[in-house]
Amino acid sequence: MEKITDKIAALPADASYFSLEFFPPKTGMGFSNLRDRLDRMARALRPLFVNVTWGAGGSTAGKSLELAEICQRELNLTTCLHLTCTNMSRKMIDNALEDAKALGIRNILALRGDPPRAAEYQHADEDPENVIDEEFVWAVDLVKYIRSKYGDYFCVGVAAYPEGHADESHPLGQSLEHDLPYLVEKTLAGADFLMTQLFFDADTYDTFEKTLRDHPSGAFKTIPIIPGIMPIQSYQMIKRTTKLSHARIPDDIMARLDAVKKDDEKVKSVGVDVVCEIIERVKETKSRTPGPKGFHFYTLNLEKAVSFIVERTHLISSTPEEEAVVDDGPLPNIPGLMINGTSPSEHSYQALSLQRRLSTVGSEPRNRVIVSEQTLSIPEFEASQAEAGAKAGAINTRANTLAISEGEGVLGREATWDDFPNGRWGDARSPAYGEIDGYGPTLHVTQAQAISLWGHPKSLEDINTLFVRHLKGELSAIPWTEEEVHEETGAITDQLIQLNQRGLWTVASQPAVNGSRSEDLTFGWGPRNGFVFQKAFVEFFISAAAWSTLHEKLTSADVSGTVTWYATNAAGDFASSDLSPGESSSASPGGGAETSNDNDDDGYAVGESSTNAVTWGVFPGKEIVTPTIIEEVSFRAWAEEAFGIFSEWAQVYGKGHESERLLEATRADCWLVNIVHHHYMDGDALWNLLLLN
């Protein structure tokens, strides 16, 4: 139950420290794997504290508190809970603070959240206790509220922006000068430390910290200022991140990343070099102010890059007495007892081998255990693997654990199996699955920007037109993606335009690729001298009536078996080519053969479902790499967000507006459908299926 400022004050004046930030995973399996990852990182890296994010408007409240409890209570990590205040009721804010207090959390990062939009979010018949409190407009309002209600019980941090905060309230652009009065106000209101937005320009940060330390108000003279650092996990991820955060990447750094952008391993390697250089520069800046030097890492729920960075920059001290023993061969044959007539090799090594993930990140779920001990059938008479003669004493040393977090040896490769995430097309079992921020469904644009981009749709034809304009490059974003159309989409643009003109609004797709060289400028990726493959897939919204017709085609004898498909609507009805008629109910608009409402604790269908590798590569000296997969669990997790974005778009126009009514009615009627065609050698197969009668 320690405060962050107390822990910093207890450090030697010349010490360095760091903190790690995590967001609540989107799936139950991701949560389970993150818990293991947190445990490993806590032992290997020993951060001073960890942060847990909070979705705007309280969208991730339950999951954020669950993750915070794991960190604070189970792993005994000093935890800082993020908390936003806009578009939330006072009751939700009070509950969050009381829950944090009950969990022993004494650190809060007080944030504003999205711009206040009470009129759009509020229901006329809302319970008075749940009415959005419009007194919370800025982060300073939350800081004052926490101080008035809890005194100094909580250590309160606030956000700072080295390059200025980009917001529609300052349309001429972001600037530190514009931000300073607000930062002074919330600091003087009771902030104990500042934590900055990510940045990649060390010179800009130097100017930022010098400006604050020398500010005539004296508000920043001694307050801890913790710079926010984001490891570069992939080229596309960093491009998207900087676009959303408005953080500038200096030209020389961008040139280094551009030179290797097709090879994820090289991007990550160059990214580690770049971030280490930034940290060393910032250390020079911080040497001007007495006291420990701190850094905050936006981990994106990944461990390998940040582990390398904190070790190389000496943010964690090496321990000479602990030398990592890295095993690059098969797992050892652990001696065992003769149990029930089985030999040690049969009982121990073989069982352990079967429990290991077999090859790539696209392995079946049953093979995705990293390392787990076999369950003993008769614990009173059977010995565990550790008890059966293994030298367990040195296995969990800090040096060994750090080596694992850095991906070294067999255990390291298994622990960092998801080190190259691919957004919502990655593996849903990964803690990093989904979009990068973990803040819940959002448009990623302001209300004014949304109206400027998408106007006021009054008919389904207007929506068709928006999607077509995006495909033609006339529109920079649609509600489901703030990115422009990828270069490889040019191979199927004509087909996608035809689909959207027919009312199938495509939100994701890719063409079939059969053995292109990894150096190919359009389709290539990964190390040189490799070959890459893709199955064609497309994901789209479709009206219930049109889905009924398409469903009949997909389940016909000619098509069944050549495609895998998933479909769901906003009400939660689900249909899939994986489900047999014996598992069905009668809710499907296409005749009822594949709909299931049997859910597990995460709301996902019970039972085994297929995993579809839709992108894979073969490279010299490497296992087959499958960065893009489509499966039921990831589709369902994304679908919930996709329909949430539909509502976010509708709320832009205010309740009762013609466009709001159109979008809400459309959301309620349509289905989200994903179709994978398995004949990757036939580039036209999927499009002929959808476009030809």
# chains A, B, ... in the order shown; residues from 1 in each chain; ligands from 1

$ residues_around --residues "Asn95 (chain A)" --least-positions-apart "2" --cutoff "12 Å" --atoms "only C-alpha atoms" --output "list in words"
Gly58, Ala61, Gly62, Leu65, Leu83, Met88, Ser89, Arg90, Lys91, Met92, Ile93, Leu97, Glu98, Asp99, Ala100, Lys101, Ala102, Glu129 and Asn130 of chain A

$ select_by_dssp --residues "region 161-206 of chain A" --states "helix (DSSP H, G or I)" --output "JSON, numbers by chain"
{"A": [176, 177, 178, 179, 180, 181, 182, 183, 184, 185, 186, 187, 188, 202, 203, 204, 205, 206]}

$ closest_residue --among "A:Thr489, A:Ser516, A:Ala415, A:Val676" --to "Thr562 (chain A)" --atoms "only C-alpha atoms"
A:Val676

$ residues_around --residues "Leu686 (chain A)" --least-positions-apart "3" --cutoff "7 Å" --atoms "only C-alpha atoms" --output "PyMOL selection string"
chain A and resi 536+677+689-690

$ closest_residue --among "A:Phe295, A:Phe208, A:Phe467, A:Phe537" --to "Val310 (chain A)" --atoms "only C-alpha atoms"
A:Phe295

$ atom_distance --atom1 "CA of Gly656 (chain A)" --atom2 "CA of Leu466 (chain A)"
21.9 Å

$ closest_residue --among "A:Arg40, A:Phe31, A:Ala160, A:Ala450" --to "Ile70 (chain A)" --atoms "only C-alpha atoms"
A:Phe31

$ closest_residue --among "A:Leu111, A:Tyr182, A:Ser64, A:Lys149" --to "Asp94 (chain A)" --atoms "only C-alpha atoms"
A:Lys149

$ closest_atom_pairs --of "region 484-514 of chain A" --to "region 520-525 of chain A" --cutoff "9 Å" --atoms "only C-alpha atoms" --output "tab-separated table"
residue	atom	partner	partner_atom	distance
A:Glu487	CA	A:Thr522	CA	6.4
A:Glu488	CA	A:Thr522	CA	5.6
A:Val513	CA	A:Phe523	CA	7.7

$ residues_around --residues "Asn529 (chain A)" --least-positions-apart "2" --cutoff "9 Å" --atoms "only C-alpha atoms" --output "PyMOL selection string"
chain A and resi 517-519+527+531+619-620

$ atom_distance --atom1 "CA of Thr222 (chain A)" --atom2 "CA of Gly291 (chain A)"
9.0 Å

$ decode --residues "region 551-564 of chain A" --atoms "all heavy atoms" --output "short mmCIF file (atom, residue, chain, number, x, y, z; two decimals), in the first residue's frame"
data_model
loop_
_atom_site.label_atom_id
_atom_site.label_comp_id
_atom_site.auth_asym_id
_atom_site.auth_seq_id
_atom_site.Cartn_x
_atom_site.Cartn_y
_atom_site.Cartn_z
N HIS A 551 -26.36 -16.36 -46.82
CA HIS A 551 -26.24 -17.53 -45.96
C HIS A 551 -26.59 -18.81 -46.72
O HIS A 551 -25.92 -19.85 -46.57
CB HIS A 551 -27.15 -17.36 -44.74
CG HIS A 551 -27.16 -18.52 -43.81
ND1 HIS A 551 -28.03 -19.58 -43.95
CD2 HIS A 551 -26.40 -18.79 -42.71
CE1 HIS A 551 -27.81 -20.45 -42.98
NE2 HIS A 551 -26.83 -20.00 -42.22
N GLU A 552 -27.62 -18.76 -47.53
CA GLU A 552 -28.01 -19.93 -48.32
C GLU A 552 -26.89 -20.33 -49.28
O GLU A 552 -26.62 -21.52 -49.46
CB GLU A 552 -29.29 -19.62 -49.09
CG GLU A 552 -30.52 -19.47 -48.22
CD GLU A 552 -31.78 -19.22 -49.04
OE1 GLU A 552 -31.70 -19.34 -50.28
OE2 GLU A 552 -32.82 -18.91 -48.45
N LYS A 553 -26.24 -19.34 -49.88
CA LYS A 553 -25.14 -19.64 -50.81
C LYS A 553 -23.96 -20.27 -50.07
O LYS A 553 -23.35 -21.24 -50.53
CB LYS A 553 -24.70 -18.37 -51.53
CG LYS A 553 -23.53 -18.60 -52.49
CD LYS A 553 -23.08 -17.32 -53.16
CE LYS A 553 -24.06 -16.86 -54.22
NZ LYS A 553 -23.51 -15.74 -55.03
N LEU A 554 -23.61 -19.72 -48.89
CA LEU A 554 -22.46 -20.20 -48.15
C LEU A 554 -22.65 -21.63 -47.64
O LEU A 554 -21.67 -22.36 -47.44
CB LEU A 554 -22.15 -19.27 -46.98
CG LEU A 554 -21.69 -17.86 -47.32
CD1 LEU A 554 -21.54 -17.03 -46.05
CD2 LEU A 554 -20.38 -17.87 -48.09
N THR A 555 -23.89 -22.01 -47.39
CA THR A 555 -24.16 -23.35 -46.86
C THR A 555 -24.54 -24.35 -47.94
O THR A 555 -24.86 -25.50 -47.64
CB THR A 555 -25.30 -23.28 -45.82
OG1 THR A 555 -26.45 -22.63 -46.39
CG2 THR A 555 -24.85 -22.52 -44.58
N SER A 556 -24.48 -23.93 -49.20
CA SER A 556 -24.80 -24.84 -50.29
C SER A 556 -23.70 -25.87 -50.47
O SER A 556 -22.55 -25.67 -50.05
CB SER A 556 -24.98 -24.06 -51.60
OG SER A 556 -23.75 -23.48 -52.01
N ALA A 557 -24.02 -26.97 -51.10
CA ALA A 557 -23.06 -28.07 -51.27
C ALA A 557 -21.85 -27.64 -52.09
O ALA A 557 -20.73 -28.12 -51.87
CB ALA A 557 -23.75 -29.26 -51.94
N ASP A 558 -22.04 -26.73 -53.05
CA ASP A 558 -20.94 -26.29 -53.92
C ASP A 558 -19.91 -25.44 -53.18
O ASP A 558 -18.73 -25.43 -53.54
CB ASP A 558 -21.49 -25.49 -55.10
CG ASP A 558 -22.30 -26.35 -56.06
OD1 ASP A 558 -22.13 -27.58 -56.03
OD2 ASP A 558 -23.11 -25.79 -56.82
N VAL A 559 -20.37 -24.73 -52.16
CA VAL A 559 -19.50 -23.76 -51.48
C VAL A 559 -18.98 -24.30 -50.16
O VAL A 559 -17.82 -24.07 -49.80
CB VAL A 559 -20.25 -22.43 -51.25
CG1 VAL A 559 -19.39 -21.47 -50.44
CG2 VAL A 559 -20.66 -21.82 -52.59
N SER A 560 -19.79 -25.02 -49.44
CA SER A 560 -19.41 -25.51 -48.12
C SER A 560 -18.11 -26.30 -48.19
O SER A 560 -17.93 -27.17 -49.04
CB SER A 560 -20.53 -26.40 -47.55
OG SER A 560 -20.18 -26.89 -46.28
N GLY A 561 -17.19 -25.98 -47.32
CA GLY A 561 -15.88 -26.64 -47.31
C GLY A 561 -14.80 -25.84 -47.98
O GLY A 561 -13.62 -26.05 -47.71
N THR A 562 -15.19 -24.93 -48.87
CA THR A 562 -14.18 -24.08 -49.54
C THR A 562 -13.97 -22.78 -48.79
O THR A 562 -13.01 -22.07 -49.05
CB THR A 562 -14.59 -23.77 -50.99
OG1 THR A 562 -15.78 -22.97 -50.98
CG2 THR A 562 -14.83 -25.04 -51.78
N VAL A 563 -14.89 -22.46 -47.89
CA VAL A 563 -14.79 -21.22 -47.13
C VAL A 563 -15.02 -21.51 -45.64
O VAL A 563 -15.65 -22.50 -45.28
CB VAL A 563 -15.81 -20.16 -47.60
CG1 VAL A 563 -15.56 -19.76 -49.04
CG2 VAL A 563 -17.24 -20.64 -47.39
N THR A 564 -14.49 -20.64 -44.81
CA THR A 564 -14.85 -20.58 -43.40
C THR A 564 -15.46 -19.21 -43.17
O THR A 564 -14.94 -18.20 -43.66
CB THR A 564 -13.62 -20.75 -42.49
OG1 THR A 564 -13.10 -22.07 -42.66
CG2 THR A 564 -13.99 -20.56 -41.02
#
